[in-house]
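Student: If it helps, the file is called query_0.cif and holds mmCIF, C-alpha atoms:
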```cif
data_target
loop_
_atom_site.group_PDB
_atom_site.id
_atom_site.type_symbol
_atom_site.label_atom_id
_atom_site.label_comp_id
_atom_site.auth_asym_id
_atom_site.auth_seq_id
_atom_site.Cartn_x
_atom_site.Cartn_y
_atom_site.Cartn_z
ATOM 1 C CA MET A 1 0.000 0.000 0.000
ATOM 2 C CA LYS A 2 2.778 2.397 1.002
ATOM 3 C CA GLN A 3 4.581 1.489 -2.211
ATOM 4 C CA ASN A 4 1.493 2.316 -4.234
ATOM 5 C CA ILE A 5 1.195 5.773 -2.743
ATOM 6 C CA GLY A 6 4.860 6.459 -3.461
ATOM 7 C CA LEU A 7 4.373 5.343 -7.032
ATOM 8 C CA LEU A 8 1.286 7.509 -7.410
ATOM 9 C CA ILE A 9 3.195 10.578 -6.235
ATOM 10 C CA LEU A 10 5.997 9.817 -8.667
ATOM 11 C CA LEU A 11 3.572 9.314 -11.544
ATOM 12 C CA SER A 12 1.677 12.509 -10.867
ATOM 13 C CA THR A 13 4.962 14.439 -10.725
ATOM 14 C CA VAL A 14 6.025 13.055 -14.078
ATOM 15 C CA LEU A 15 2.651 13.830 -15.628
ATOM 16 C CA THR A 16 2.660 17.389 -14.275
ATOM 17 C CA ALA A 17 6.082 17.849 -15.833
ATOM 18 C CA CYS A 18 4.680 16.667 -19.168
ATOM 19 C CA VAL A 19 1.839 19.184 -18.985
ATOM 20 C CA THR A 20 4.287 21.931 -18.117
ATOM 21 C CA ILE A 21 6.364 21.136 -21.207
ATOM 22 C CA ASN A 22 3.196 21.148 -23.258
ATOM 23 C CA ILE A 23 2.258 24.753 -22.480
ATOM 24 C CA TYR A 24 5.825 26.040 -22.410
ATOM 25 C CA PHE A 25 6.689 28.896 -24.766
ATOM 26 C CA PRO A 26 8.089 27.481 -28.050
ATOM 27 C CA ALA A 27 11.219 29.641 -28.218
ATOM 28 C CA ALA A 28 12.759 27.840 -31.194
ATOM 29 C CA ALA A 29 9.582 28.190 -33.246
ATOM 30 C CA ALA A 30 9.339 31.861 -32.294
ATOM 31 C CA GLU A 31 12.892 32.467 -33.515
ATOM 32 C CA ARG A 32 12.092 30.750 -36.807
ATOM 33 C CA VAL A 33 9.070 32.952 -37.460
ATOM 34 C CA ALA A 34 11.085 36.004 -36.376
ATOM 35 C CA ASP A 35 13.701 35.103 -38.995
ATOM 36 C CA GLN A 36 11.057 34.697 -41.687
ATOM 37 C CA ILE A 37 9.384 38.007 -40.944
ATOM 38 C CA ILE A 38 12.639 39.954 -40.579
ATOM 39 C CA ASP A 39 13.909 38.553 -43.893
ATOM 40 C CA ASP A 40 10.694 39.759 -45.522
ATOM 41 C CA VAL A 41 10.616 43.185 -43.893
ATOM 42 C CA TRP A 42 14.289 43.919 -44.485
ATOM 43 C CA GLN A 43 14.203 42.107 -47.834
ATOM 44 C CA LEU A 44 17.158 39.901 -47.024
ATOM 45 C CA LYS A 45 17.842 36.658 -48.878
ATOM 46 C CA GLN A 46 16.071 37.780 -51.993
ATOM 47 C CA ASP A 47 18.919 37.477 -54.439
ATOM 48 C CA GLY A 48 18.035 35.112 -57.197
ATOM 49 C CA THR A 49 14.423 34.676 -56.157
ATOM 50 C CA ASP A 50 12.744 38.013 -56.743
ATOM 51 C CA LYS A 51 15.243 39.702 -58.961
ATOM 52 C CA GLU A 52 15.171 38.133 -62.324
ATOM 53 C CA LYS A 53 17.892 39.955 -64.055
ATOM 54 C CA ALA A 54 17.785 39.688 -67.759
ATOM 55 C CA PRO A 55 21.224 38.525 -68.780
ATOM 56 C CA ALA A 56 23.103 41.182 -70.645
ATOM 57 C CA PRO A 57 22.811 40.276 -74.296
ATOM 58 C CA THR A 58 26.149 39.251 -75.586
ATOM 59 C CA GLU A 59 26.410 40.915 -78.879
ATOM 60 C CA PRO A 60 28.535 39.231 -81.416
ATOM 61 C CA THR A 61 31.135 41.640 -82.596
ATOM 62 C CA PRO A 62 29.874 42.838 -85.921
ATOM 63 C CA GLU A 63 32.207 42.048 -88.650
ATOM 64 C CA THR A 64 32.961 45.045 -90.731
ATOM 65 C CA LYS A 65 34.119 44.250 -94.082
ATOM 66 C CA MET B 1 -0.328 -2.207 -8.696
ATOM 67 C CA LYS B 2 -0.485 -3.520 -12.234
ATOM 68 C CA LYS B 3 -3.521 -1.355 -12.846
ATOM 69 C CA ILE B 4 -1.664 1.783 -11.808
ATOM 70 C CA ILE B 5 1.244 1.038 -14.112
ATOM 71 C CA THR B 6 -1.079 0.322 -17.027
ATOM 72 C CA SER B 7 -2.999 3.527 -16.516
ATOM 73 C CA PHE B 8 0.271 5.453 -16.254
ATOM 74 C CA ILE B 9 1.473 4.039 -19.556
ATOM 75 C CA ILE B 10 -1.792 5.024 -21.235
ATOM 76 C CA LEU B 11 -1.668 8.513 -19.768
ATOM 77 C CA ALA B 12 1.981 8.950 -20.686
ATOM 78 C CA ALA B 13 1.211 7.907 -24.261
ATOM 79 C CA LEU B 14 -1.622 10.417 -24.440
ATOM 80 C CA PHE B 15 0.539 13.255 -23.135
ATOM 81 C CA SER B 16 3.487 12.532 -25.351
ATOM 82 C CA ALA B 17 1.171 12.473 -28.366
ATOM 83 C CA ASN B 18 -0.153 15.828 -27.256
ATOM 84 C CA TRP B 19 3.363 17.192 -26.868
ATOM 85 C CA ALA B 20 4.265 16.115 -30.383
ATOM 86 C CA ILE B 21 1.275 18.018 -31.736
ATOM 87 C CA ALA B 22 2.266 21.165 -29.842
ATOM 88 C CA ALA B 23 5.753 21.288 -31.382
ATOM 89 C CA PRO B 24 5.193 22.630 -34.962
ATOM 90 C CA ASP B 25 5.892 26.177 -36.158
ATOM 91 C CA LEU B 26 3.905 29.173 -35.089
ATOM 92 C CA ASP B 27 1.277 30.336 -37.536
ATOM 93 C CA ILE B 28 2.059 33.732 -39.086
ATOM 94 C CA ASN B 29 -0.144 33.520 -42.127
ATOM 95 C CA THR B 30 -3.095 35.683 -41.145
ATOM 96 C CA PRO B 31 -4.448 38.775 -42.911
ATOM 97 C CA ALA B 32 -3.597 40.967 -39.898
ATOM 98 C CA ILE B 33 0.014 39.786 -39.733
ATOM 99 C CA ASN B 34 0.486 40.092 -43.491
ATOM 100 C CA ALA B 35 -0.882 43.644 -43.433
ATOM 101 C CA ILE B 36 1.516 44.684 -40.640
ATOM 102 C CA LYS B 37 4.413 43.058 -42.481
ATOM 103 C CA ALA B 38 3.574 44.925 -45.693
ATOM 104 C CA SER B 39 3.371 48.208 -43.827
ATOM 105 C CA MET B 40 6.768 47.624 -42.180
ATOM 106 C CA GLN B 41 8.297 46.554 -45.474
ATOM 107 C CA ALA B 42 7.123 49.785 -47.115
ATOM 108 C CA ARG B 43 8.491 51.866 -44.246
ATOM 109 C CA HIS B 44 11.878 50.165 -44.282
ATOM 110 C CA GLY B 45 12.927 52.153 -47.337
ATOM 111 C CA GLN B 46 12.633 55.335 -45.287
ATOM 112 C CA LEU B 47 14.217 53.848 -42.161
ATOM 113 C CA ALA B 48 17.235 52.198 -43.788
ATOM 114 C CA PRO B 49 19.271 55.399 -44.317
ATOM 115 C CA HIS B 50 18.703 56.315 -40.668
ATOM 116 C CA TYR B 51 19.935 52.892 -39.480
ATOM 117 C CA ASN B 52 23.006 53.414 -41.653
ATOM 118 C CA SER B 53 23.713 56.923 -40.327
ATOM 119 C CA GLY B 54 23.201 55.870 -36.710
ATOM 120 C CA ALA B 55 20.262 58.211 -36.246
ATOM 121 C CA ILE B 56 18.063 55.232 -35.324
ATOM 122 C CA GLY B 57 19.037 52.086 -33.459
ATOM 123 C CA LEU B 58 17.483 48.791 -32.429
ATOM 124 C CA THR B 59 16.379 48.514 -28.807
ATOM 125 C CA ASN B 60 16.737 45.388 -26.694
ATOM 126 C CA ASP B 61 12.966 45.058 -26.370
ATOM 127 C CA GLY B 62 12.244 44.489 -30.047
ATOM 128 C CA LEU B 63 11.559 48.110 -30.972
ATOM 129 C CA ILE B 64 13.580 50.995 -32.448
ATOM 130 C CA ALA B 65 14.569 54.348 -30.960
ATOM 131 C CA VAL B 66 16.297 57.569 -31.942
ATOM 132 C CA HIS B 67 19.963 57.049 -31.136
ATOM 133 C CA ASP B 68 21.583 60.195 -32.530
ATOM 134 C CA ALA B 69 19.247 62.859 -33.842
ATOM 135 C CA THR B 70 22.172 65.029 -34.934
ATOM 136 C CA ALA B 71 22.849 62.500 -37.697
ATOM 137 C CA VAL B 72 19.682 63.752 -39.366
ATOM 138 C CA PRO B 73 19.467 67.093 -41.182
ATOM 139 C CA LEU B 74 17.527 69.591 -39.068
ATOM 140 C CA LYS B 75 14.601 69.701 -41.465
ATOM 141 C CA ASP B 76 14.052 65.935 -41.216
ATOM 142 C CA ARG B 77 14.310 65.643 -37.440
ATOM 143 C CA GLN B 78 10.622 65.903 -36.775
ATOM 144 C CA GLY B 79 9.847 63.310 -39.394
ATOM 145 C CA ILE B 80 12.158 60.791 -37.790
ATOM 146 C CA ASN B 81 10.171 60.767 -34.529
ATOM 147 C CA GLY B 82 7.002 60.037 -36.459
ATOM 148 C CA LEU B 83 8.698 57.211 -38.358
ATOM 149 C CA VAL B 84 9.982 55.643 -35.135
ATOM 150 C CA ALA B 85 6.556 55.893 -33.491
ATOM 151 C CA GLU B 86 4.823 54.306 -36.490
ATOM 152 C CA GLU B 87 7.364 51.506 -36.723
ATOM 153 C CA ASN B 88 7.090 50.759 -32.993
ATOM 154 C CA ALA B 89 3.299 50.693 -33.168
ATOM 155 C CA ASP B 90 3.522 48.158 -36.021
ATOM 156 C CA ARG B 91 6.093 46.038 -34.204
ATOM 157 C CA SER B 92 4.061 45.896 -30.991
ATOM 158 C CA LYS B 93 0.955 45.008 -32.977
ATOM 159 C CA LEU B 94 2.902 42.320 -34.820
ATOM 160 C CA TYR B 95 4.064 40.583 -31.627
ATOM 161 C CA LYS B 96 0.557 40.696 -30.212
ATOM 162 C CA GLU B 97 -1.015 39.382 -33.416
ATOM 163 C CA ILE B 98 1.384 36.427 -33.622
ATOM 164 C CA ALA B 99 0.530 35.479 -30.030
ATOM 165 C CA ASN B 100 -3.193 35.823 -30.705
ATOM 166 C CA ALA B 101 -3.041 33.965 -34.018
ATOM 167 C CA ASN B 102 -1.558 31.009 -32.145
ATOM 168 C CA LYS B 103 -4.172 31.227 -29.390
ATOM 169 C CA HIS B 104 -1.646 32.048 -26.679
ATOM 170 C CA PRO B 105 -1.909 35.791 -25.967
ATOM 171 C CA GLU B 106 0.437 35.240 -23.004
ATOM 172 C CA TRP B 107 3.251 34.429 -25.461
ATOM 173 C CA GLU B 108 3.452 38.066 -26.583
ATOM 174 C CA GLY B 109 6.395 38.844 -24.283
ATOM 175 C CA GLY B 110 8.319 35.759 -25.356
ATOM 176 C CA ILE B 111 7.715 36.538 -29.023
ATOM 177 C CA ARG B 112 8.901 40.114 -28.482
ATOM 178 C CA ASP B 113 12.105 38.813 -26.829
ATOM 179 C CA SER B 114 12.745 36.359 -29.655
ATOM 180 C CA PHE B 115 12.329 39.136 -32.218
ATOM 181 C CA ALA B 116 14.538 41.519 -30.228
ATOM 182 C CA GLY B 117 17.438 39.065 -30.457
ATOM 183 C CA ARG B 118 16.885 38.277 -34.125
ATOM 184 C CA TRP B 119 16.541 41.929 -35.274
ATOM 185 C CA ILE B 120 19.933 42.636 -33.705
ATOM 186 C CA ASP B 121 21.538 39.465 -35.077
ATOM 187 C CA LYS B 122 20.371 40.300 -38.592
ATOM 188 C CA ALA B 123 21.244 44.008 -38.434
ATOM 189 C CA GLN B 124 23.905 45.205 -40.863
ATOM 190 C CA SER B 125 27.314 46.150 -39.561
ATOM 191 C CA GLY B 126 27.470 49.841 -38.750
ATOM 192 C CA TRP B 127 23.948 49.860 -37.312
ATOM 193 C CA TRP B 128 23.437 50.707 -33.645
ATOM 194 C CA TYR B 129 21.675 48.512 -31.104
ATOM 195 C CA GLN B 130 21.121 48.451 -27.359
ATOM 196 C CA GLY B 131 23.383 45.977 -25.634
ATOM 197 C CA ALA B 132 23.410 45.140 -21.933
ATOM 198 C CA GLY B 133 25.374 48.291 -21.106
ATOM 199 C CA GLY B 134 23.923 50.773 -23.589
ATOM 200 C CA TRP B 135 24.224 51.578 -27.287
ATOM 201 C CA VAL B 136 26.678 49.513 -29.308
ATOM 202 C CA LYS B 137 27.741 49.890 -32.924
ATOM 203 C CA LYS B 138 27.617 46.626 -34.763
#
```
Have the structure of the file written as structure tokens, please.

Tutor:
Amino acid sequence: MKQNIGLLILLSTVLTACVTINIYFPAAAAERVADQIIDDVWQLKQDGTDKEKAPAPTEPTPETK
Amino acid sequence: MKKIITSFIILAALFSANWAIAAPDLDINTPAINAIKASMQARHGQLAPHYNSGAIGLTNDGLIAVHDATAVPLKDRQGINGLVAEENADRSKLYKEIANANKHPEWEGGIRDSFAGRWIDKAQSGWWYQGAGGWVKK
């Protein structure tokens, strides 16, 4: 009986810890969305995606005869 | 005894499943957040020269502030205060909206702190930011 009570206390502690983790602030996810938004607002990492530079036409040197 | 262990295993399974569901990214794709982002993006063109000159710096609470008004020509000094106020209003709204969009309004402070660190990390060299002991040039 005494053993059971000890076990119950242990189990409830573990479960409470699980619930605490569950509602904990997701710092890593928040940093990821911060990165996404900052990249958009400051227009970082846009090279090659938004700017479609038309390649400078390479003109063949006209042959003058 | 056996019953207790069995029920613990079931409960543990339920909670760990729940935890796995809680892990994915925060949602930032709402009309309100997109509107704030667009407004900040449009304003950045006006703010960028002031970050470069040191007139404006990044604060350690996820906002911006006037760092050195003398870096701005006299005629533009009034405008800079308005720009800073508008930008800070947008930023505060943004942090609040992200928390609300993810149904955890109490996360606003944590989101603000995360942004504060990332704004400074991503700032260009030469820009000013608030460190632990005051303004620092990056």

Student: What residues in chain A lie within 6 Å of chain B, counting only C-alpha atoms, written as a PDB file with C-alpha atoms, keeping the file's coordinate frame?

Tutor:
```
ATOM      1  CA  ASN A  22       3.196  21.148 -23.258  1.00  0.00           C
ATOM      2  CA  ALA A  29       9.582  28.190 -33.246  1.00  0.00           C
ATOM      3  CA  ALA A  30       9.339  31.861 -32.294  1.00  0.00           C
ATOM      4  CA  GLU A  31      12.892  32.467 -33.515  1.00  0.00           C
ATOM      5  CA  ALA A  34      11.085  36.004 -36.376  1.00  0.00           C
ATOM      6  CA  VAL A  41      10.616  43.185 -43.893  1.00  0.00           C
TER       7      VAL A  41
END
```

Student: When the PyMOL selection byres ((chain B and resi 126) around 7) is applied to the structure above, which residues does it catch, written out as a count of residues only?

Tutor: 7

Student: Excluding same-chain residues fewer than 3 positions from region 71-86 of chain B, what lies within 7 Å of it counting only C-alpha atoms, as a list in words?

Tutor: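 These residues fall inside the cut-off: Ser53, Gly54, Ala55, Ile64, Ala65, Asp68, Ala89 and Asp90 of chain B.
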
Student: Those selected residues, please, written with C-alpha atoms and delivered as a short mmCIF file (atom, residue, chain, number, x, y, z; two decimals), in the coordinates of the input.

Tutor:
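Result file is selection.cif:
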```cif
data_model
loop_
_atom_site.label_atom_id
_atom_site.label_comp_id
_atom_site.auth_asym_id
_atom_site.auth_seq_id
_atom_site.Cartn_x
_atom_site.Cartn_y
_atom_site.Cartn_z
CA SER B 53 23.71 56.92 -40.33
CA GLY B 54 23.20 55.87 -36.71
CA ALA B 55 20.26 58.21 -36.25
CA ILE B 64 13.58 51.00 -32.45
CA ALA B 65 14.57 54.35 -30.96
CA ASP B 68 21.58 60.20 -32.53
CA ALA B 89 3.30 50.69 -33.17
CA ASP B 90 3.52 48.16 -36.02
#
```

Student: Just to confirm, what's the straight-line distance from CA of Asn88 (chain B) to CA of Lys103 (chain B) in Å (one decimal)?

Tutor: 22.8 Å

Student: Separation of CA of Thr59 (chain B) and CA of Ile120 (chain B), in Å?

Tutor: 8.4 Å

Student: Find the residue from B:Lys96, B:Pro105, B:Asn29, B:Lys3 that sits nearest to Gln36 (chain A); use all atoms listed in the file when measuring.

Tutor: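 So, comparing all the options, the nearest one is B:Asn29.
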
Student: Taking only C-alpha atoms into account, which of B:His50, B:Ile56, B:Arg91, B:Gly131 comes nearest Ile37 (chain A)?

Tutor: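 Under the stated criterion, the closest residue is B:Arg91.
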
Student: Grab the CA of Ala69 (chain B) to CA of Trp42 (chain A) distance for me, in Å with one decimal place.

Tutor: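 According to the coordinates, CA of Ala69 (chain B) and CA of Trp42 (chain A) are separated by 22.3 Å.
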
Student: Of the candidates B:Gly62, B:Pro31, B:Gly134, B:Pro49, which shows the shortest atom-to-atom distance to Ile38 (chain A), using only C-alpha atoms?

Tutor: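 Smallest separation from Ile38 (chain A) among the options: B:Gly62.
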
Student: Please enclose the listed atoms of region 90-97 of chain B in an axis-aligned box, pad each side by 8 Å, and write out the centre and the three edge lengths in Å, rounded to one decimal, as JSON.

Tutor:
```
{"center_x": 2.5, "center_y": 43.8, "center_z": -33.1, "size_x": 23.1, "size_y": 24.8, "size_z": 21.8}
```

Student: Return region 94-116 of chain B, completed with N, CA and C atoms, as a JSON list (two decimals), keeping the file's coordinate frame.

Tutor:
```
[["chain", "number", "residue", "atom", "x", "y", "z"],
["B", 94, "LEU", "N", 2.46, 43.58, -34.21],
["B", 94, "LEU", "CA", 2.90, 42.32, -34.82],
["B", 94, "LEU", "C", 3.10, 41.24, -33.75],
["B", 95, "TYR", "N", 3.80, 41.57, -32.68],
["B", 95, "TYR", "CA", 4.06, 40.58, -31.63],
["B", 95, "TYR", "C", 2.76, 40.10, -31.02],
["B", 96, "LYS", "N", 1.84, 41.04, -30.82],
["B", 96, "LYS", "CA", 0.56, 40.70, -30.21],
["B", 96, "LYS", "C", -0.25, 39.80, -31.15],
["B", 97, "GLU", "N", -0.24, 40.16, -32.44],
["B", 97, "GLU", "CA", -1.01, 39.38, -33.42],
["B", 97, "GLU", "C", -0.49, 37.95, -33.55],
["B", 98, "ILE", "N", 0.82, 37.78, -33.51],
["B", 98, "ILE", "CA", 1.38, 36.43, -33.62],
["B", 98, "ILE", "C", 0.92, 35.60, -32.42],
["B", 99, "ALA", "N", 0.98, 36.20, -31.24],
["B", 99, "ALA", "CA", 0.53, 35.48, -30.03],
["B", 99, "ALA", "C", -0.95, 35.12, -30.15],
["B", 100, "ASN", "N", -1.76, 36.08, -30.59],
["B", 100, "ASN", "CA", -3.19, 35.82, -30.70],
["B", 100, "ASN", "C", -3.50, 34.79, -31.78],
["B", 101, "ALA", "N", -2.78, 34.89, -32.91],
["B", 101, "ALA", "CA", -3.04, 33.97, -34.02],
["B", 101, "ALA", "C", -2.76, 32.53, -33.59],
["B", 102, "ASN", "N", -1.89, 32.35, -32.61],
["B", 102, "ASN", "CA", -1.56, 31.01, -32.15],
["B", 102, "ASN", "C", -2.27, 30.66, -30.84],
["B", 103, "LYS", "N", -3.28, 31.48, -30.53],
["B", 103, "LYS", "CA", -4.17, 31.23, -29.39],
["B", 103, "LYS", "C", -3.44, 31.17, -28.06],
["B", 104, "HIS", "N", -2.35, 31.93, -27.95],
["B", 104, "HIS", "CA", -1.65, 32.05, -26.68],
["B", 104, "HIS", "C", -1.26, 33.50, -26.47],
["B", 105, "PRO", "N", -2.23, 34.36, -26.14],
["B", 105, "PRO", "CA", -1.91, 35.79, -25.97],
["B", 105, "PRO", "C", -0.78, 36.01, -24.96],
["B", 106, "GLU", "N", -0.61, 35.06, -24.04],
["B", 106, "GLU", "CA", 0.44, 35.24, -23.00],
["B", 106, "GLU", "C", 1.84, 35.04, -23.58],
["B", 107, "TRP", "N", 1.93, 34.61, -24.83],
["B", 107, "TRP", "CA", 3.25, 34.43, -25.46],
["B", 107, "TRP", "C", 3.82, 35.73, -26.01],
["B", 108, "GLU", "N", 3.03, 36.81, -25.96],
["B", 108, "GLU", "CA", 3.45, 38.07, -26.58],
["B", 108, "GLU", "C", 4.86, 38.50, -26.12],
["B", 109, "GLY", "N", 5.09, 38.42, -24.82],
["B", 109, "GLY", "CA", 6.40, 38.84, -24.28],
["B", 109, "GLY", "C", 7.53, 37.97, -24.80],
["B", 110, "GLY", "N", 7.30, 36.68, -24.86],
["B", 110, "GLY", "CA", 8.32, 35.76, -25.36],
["B", 110, "GLY", "C", 8.61, 36.00, -26.83],
["B", 111, "ILE", "N", 7.55, 36.27, -27.59],
["B", 111, "ILE", "CA", 7.72, 36.54, -29.02],
["B", 111, "ILE", "C", 8.51, 37.83, -29.21],
["B", 112, "ARG", "N", 8.17, 38.84, -28.43],
["B", 112, "ARG", "CA", 8.90, 40.11, -28.48],
["B", 112, "ARG", "C", 10.40, 39.88, -28.20],
["B", 113, "ASP", "N", 10.70, 39.08, -27.17],
["B", 113, "ASP", "CA", 12.10, 38.81, -26.83],
["B", 113, "ASP", "C", 12.83, 38.07, -27.96],
["B", 114, "SER", "N", 12.13, 37.10, -28.55],
["B", 114, "SER", "CA", 12.74, 36.36, -29.66],
["B", 114, "SER", "C", 13.07, 37.30, -30.81],
["B", 115, "PHE", "N", 12.10, 38.19, -31.13],
["B", 115, "PHE", "CA", 12.33, 39.14, -32.22],
["B", 115, "PHE", "C", 13.48, 40.08, -31.87],
["B", 116, "ALA", "N", 13.51, 40.56, -30.62],
["B", 116, "ALA", "CA", 14.54, 41.52, -30.23],
["B", 116, "ALA", "C", 15.93, 40.96, -30.55]]
```
